[in-house]
Each structure stands twice: as structure tokens, then as C-alpha cells.
Amino acid sequence: AAIAARDGVAPEQIILGEILEPLGTHLSLQGGPGGEFIYSDPGYTALIDSAAAVGGRAVGVPLNSKMENDLPAIAAKVAEHTRAVFLVNPHNPTGIVGDSDQMKKFARTISQRALVIVDEAYLEFADRFAERTLADLVRAGENVIVFRTFAKVYGLAGLDIGYGLLPRPI
């Protein structure tokens, strides 16, 4: 209830736990092997690794020259077999926070073709958090999942527990 109130979503739109690996497995198994999972390379790959372990295909897209998620290059990779696009914002390991307007425009557009999953594990350390989070897209019914962890800003380092804000159909 506290998370739902904080993020402005219904309680049934929240999943608690360490969800990235199980989510990657679940999405990869939907529709059989061969689904593509697009991500920035290098990057945090927990979801990608678990999807690949059960037949998903990891599609890494190099960071741009500024060491940011290369949103145009990622968008160009989205195809018929894309199950999900996985972004980390701020990017891990570079720590660069994506431009709010570009991230939201990208997520709105791509989520019409594939699920967009955004790991915001470190975003609460950045200024203008409320402006930068993509939780408003979840509230608006977009095909977007926002993941957060309690291990960083809440000081529970080493504990794999967090939550996801999910669209109602998922």
C-alpha cells in the first residue's frame, strides 16, 4: 500500500521481490524460444542472462559516444521477435542519467511494439527524480515496467529485494 501510494499505481500493479531474473525467464518462455531481448552493452544483464538461459536471444547494442544508452540504435533493433527492451537508468556501469524527455519519448514509442523494462535502481540518487522516473508511463497504461530496488537508496545493500511497477495486463 505504501509503494502504491508513493508511485500512484494500484496495489495489484506492484510485484515485490527480486523480479528481474524471474521476469526474464517468464518473458523468454512466453511464445517459445527465440524471443529477442535488447539491452545496452555493456550493462547490467540479470534479466537478459535469465532470458537467454531458457532460449531467449540477447541483442546487445553498444553505448553511444557519450557512454549513454543509444536510444536510436536500440529502436532500430526492435523487430517482430523482440519480447522486451531492457534499459538501466542511470546506466550501469557508466552512471549516466538519460535525458528525461528522450527516455519518455523512446519508451512511449517502443512500448507500442515491445515491452519496455527500465531498471531505476540508482535513479533516486539523481536530482529531479520525480521528473526522470518513467513511473508516469506505467500510470498512463503504457507497456512499460519500472523496476526499483531497496538495496541502494534504502540502504539494504546485499539484499536482493525490490519491486516492479507493472501495466495492468502483465
# chains A, B, ... in the order shown; residues from 1 in each chain; ligands from 1

call {"tool": "closest_atom_pairs", "arguments": {"of": "segment 4-31 of chain A", "to": "segment 107-130 of chain A", "cutoff": "12 Å", "atoms": "only C-alpha atoms", "output": "Markdown table"}}
result
| residue | atom | partner | partner_atom | distance |
| --- | --- | --- | --- | --- |
| A:Arg6 | CA | A:Ala130 | CA | 10.8 |
| A:Asp7 | CA | A:Ala130 | CA | 9.7 |
| A:Gly8 | CA | A:Ala130 | CA | 11.8 |
| A:Glu18 | CA | A:Ala121 | CA | 11.9 |
| A:Ile19 | CA | A:Asp119 | CA | 10.8 |
| A:Leu20 | CA | A:Asp119 | CA | 8.9 |
| A:Leu23 | CA | A:Ile117 | CA | 10.0 |
| A:Gly24 | CA | A:Ile117 | CA | 10.2 |
| A:Leu27 | CA | A:Leu115 | CA | 9.7 |

call {"tool": "atom_distance", "arguments": {"atom1": "atom CA of Gly35 of chain A", "atom2": "atom CA of Thr82 of chain A"}}
result
5.8 Å

call {"tool": "residues_around", "arguments": {"residues": "segment 61-68 of chain A", "least_positions_apart": "3", "cutoff": "10 Å", "atoms": "only C-alpha atoms", "output": "mmCIF file with C-alpha atoms, in the first residue's frame"}}
result
data_model
loop_
_atom_site.group_PDB
_atom_site.id
_atom_site.type_symbol
_atom_site.label_atom_id
_atom_site.label_comp_id
_atom_site.auth_asym_id
_atom_site.auth_seq_id
_atom_site.Cartn_x
_atom_site.Cartn_y
_atom_site.Cartn_z
ATOM 1 C CA ILE A 38 17.531 -5.859 -26.465
ATOM 2 C CA TYR A 39 19.825 -4.116 -23.988
ATOM 3 C CA SER A 40 22.726 -1.652 -23.804
ATOM 4 C CA ASP A 41 26.150 -3.284 -23.886
ATOM 5 C CA PRO A 42 27.986 -3.101 -21.574
ATOM 6 C CA GLY A 43 25.275 -3.109 -19.000
ATOM 7 C CA ALA A 58 20.332 -11.379 -26.185
ATOM 8 C CA LEU A 71 18.180 5.021 -27.970
ATOM 9 C CA PRO A 72 18.054 5.427 -31.781
ATOM 10 C CA ALA A 73 20.243 2.342 -32.287
ATOM 11 C CA ILE A 74 18.150 0.354 -29.823
ATOM 12 C CA ALA A 75 14.941 1.436 -31.576
ATOM 13 C CA ALA A 76 16.397 0.279 -34.907
ATOM 14 C CA LYS A 77 16.907 -3.230 -33.464
ATOM 15 C CA ASN A 89 18.690 4.489 -15.988
ATOM 16 C CA PRO A 90 21.081 5.743 -14.724
ATOM 17 C CA HIS A 91 23.090 3.384 -16.859
ATOM 18 C CA ASN A 92 25.114 0.770 -15.033
ATOM 19 C CA PRO A 93 28.165 0.833 -15.139
ATOM 20 C CA THR A 94 28.600 4.391 -16.528
ATOM 21 C CA GLY A 95 26.231 6.156 -14.107
ATOM 22 C CA ILE A 96 24.937 8.477 -16.815
ATOM 23 C CA VAL A 97 21.298 9.511 -16.407
ATOM 24 C CA GLY A 98 19.315 9.565 -19.624
ATOM 25 C CA ASP A 99 17.618 12.751 -20.770
#

call {"tool": "atom_distance", "arguments": {"atom1": "atom CA of Ala51 of chain A", "atom2": "atom CA of Ala140 of chain A"}}
result
27.0 Å

call {"tool": "select_by_dssp", "arguments": {"residues": "segment 29-63 of chain A", "states": "strand (DSSP E or B)", "output": "PyMOL selection string"}}
result
chain A and resi 36-41+57-62

call {"tool": "write_last_selection", "arguments": {"atoms": "N, CA and C atoms", "output": "short mmCIF file (atom, residue, chain, number, x, y, z; two decimals), in the first residue's frame"}}
result
data_model
loop_
_atom_site.label_atom_id
_atom_site.label_comp_id
_atom_site.auth_asym_id
_atom_site.auth_seq_id
_atom_site.Cartn_x
_atom_site.Cartn_y
_atom_site.Cartn_z
N GLU A 36 13.68 -12.07 -28.72
CA GLU A 36 14.84 -11.19 -28.58
C GLU A 36 14.67 -10.24 -27.40
N PHE A 37 15.77 -10.02 -26.71
CA PHE A 37 15.83 -9.13 -25.57
C PHE A 37 16.96 -8.13 -25.83
N ILE A 38 16.58 -6.90 -26.07
CA ILE A 38 17.53 -5.86 -26.47
C ILE A 38 17.97 -5.09 -25.22
N TYR A 39 19.27 -4.82 -25.14
CA TYR A 39 19.82 -4.12 -23.99
C TYR A 39 21.06 -3.34 -24.41
N SER A 40 21.50 -2.40 -23.56
CA SER A 40 22.73 -1.65 -23.80
C SER A 40 23.91 -2.47 -23.33
N ASP A 41 24.95 -2.49 -24.17
CA ASP A 41 26.15 -3.28 -23.89
C ASP A 41 27.36 -2.35 -23.87
N ARG A 57 17.11 -14.68 -26.96
CA ARG A 57 18.29 -14.23 -27.68
C ARG A 57 18.65 -12.83 -27.23
N ALA A 58 19.85 -12.68 -26.65
CA ALA A 58 20.33 -11.38 -26.19
C ALA A 58 20.83 -10.57 -27.38
N VAL A 59 20.35 -9.34 -27.49
CA VAL A 59 20.78 -8.44 -28.56
C VAL A 59 21.37 -7.21 -27.90
N GLY A 60 22.68 -7.18 -27.81
CA GLY A 60 23.37 -6.05 -27.20
C GLY A 60 23.57 -4.92 -28.19
N VAL A 61 23.34 -3.70 -27.75
CA VAL A 61 23.55 -2.50 -28.56
C VAL A 61 24.59 -1.66 -27.84
N PRO A 62 25.72 -1.37 -28.51
CA PRO A 62 26.76 -0.58 -27.84
C PRO A 62 26.25 0.79 -27.41
#

call {"tool": "closest_residue", "arguments": {"among": "A:Asp160, A:Asp49, A:Asp101, A:Asp136", "to": "Ser28 of chain A", "atoms": "only C-alpha atoms"}}
result
A:Asp49

call {"tool": "atom_distance", "arguments": {"atom1": "atom CA of Arg148 of chain A", "atom2": "atom CA of Glu131 of chain A"}}
result
15.7 Å

call {"tool": "residues_around", "arguments": {"residues": "Ser50 of chain A", "least_positions_apart": "4", "cutoff": "7 Å", "atoms": "only C-alpha atoms", "output": "short mmCIF file (atom, residue, chain, number, x, y, z; two decimals) with N, CA and C atoms, in the first residue's frame"}}
result
data_model
loop_
_atom_site.label_atom_id
_atom_site.label_comp_id
_atom_site.auth_asym_id
_atom_site.auth_seq_id
_atom_site.Cartn_x
_atom_site.Cartn_y
_atom_site.Cartn_z
N GLU A 21 15.33 -11.48 -12.68
CA GLU A 21 15.62 -12.81 -13.23
C GLU A 21 14.33 -13.59 -13.52
N GLY A 24 12.71 -12.14 -16.65
CA GLY A 24 13.42 -12.54 -17.87
C GLY A 24 13.08 -13.95 -18.28
N THR A 25 13.04 -14.86 -17.32
CA THR A 25 12.67 -16.24 -17.60
C THR A 25 11.24 -16.32 -18.12
N ALA A 46 21.14 -8.99 -15.62
CA ALA A 46 20.43 -10.03 -14.87
C ALA A 46 19.21 -10.53 -15.63
N VAL A 54 16.94 -19.71 -21.02
CA VAL A 54 15.79 -20.54 -21.41
C VAL A 54 15.38 -20.30 -22.86
#

call {"tool": "select_by_dssp", "arguments": {"residues": "segment 2-170 of chain A", "states": "alpha helix (DSSP H)", "output": "VMD selection string"}}
result
chain A and resid 2 to 7 20 to 29 46 to 53 71 to 77 100 to 110 129 to 132 135 to 139

call {"tool": "closest_residue", "arguments": {"among": "A:Tyr163, A:Phe106, A:Phe86, A:Phe147", "to": "Gly17 of chain A", "atoms": "only C-alpha atoms"}}
result
A:Tyr163
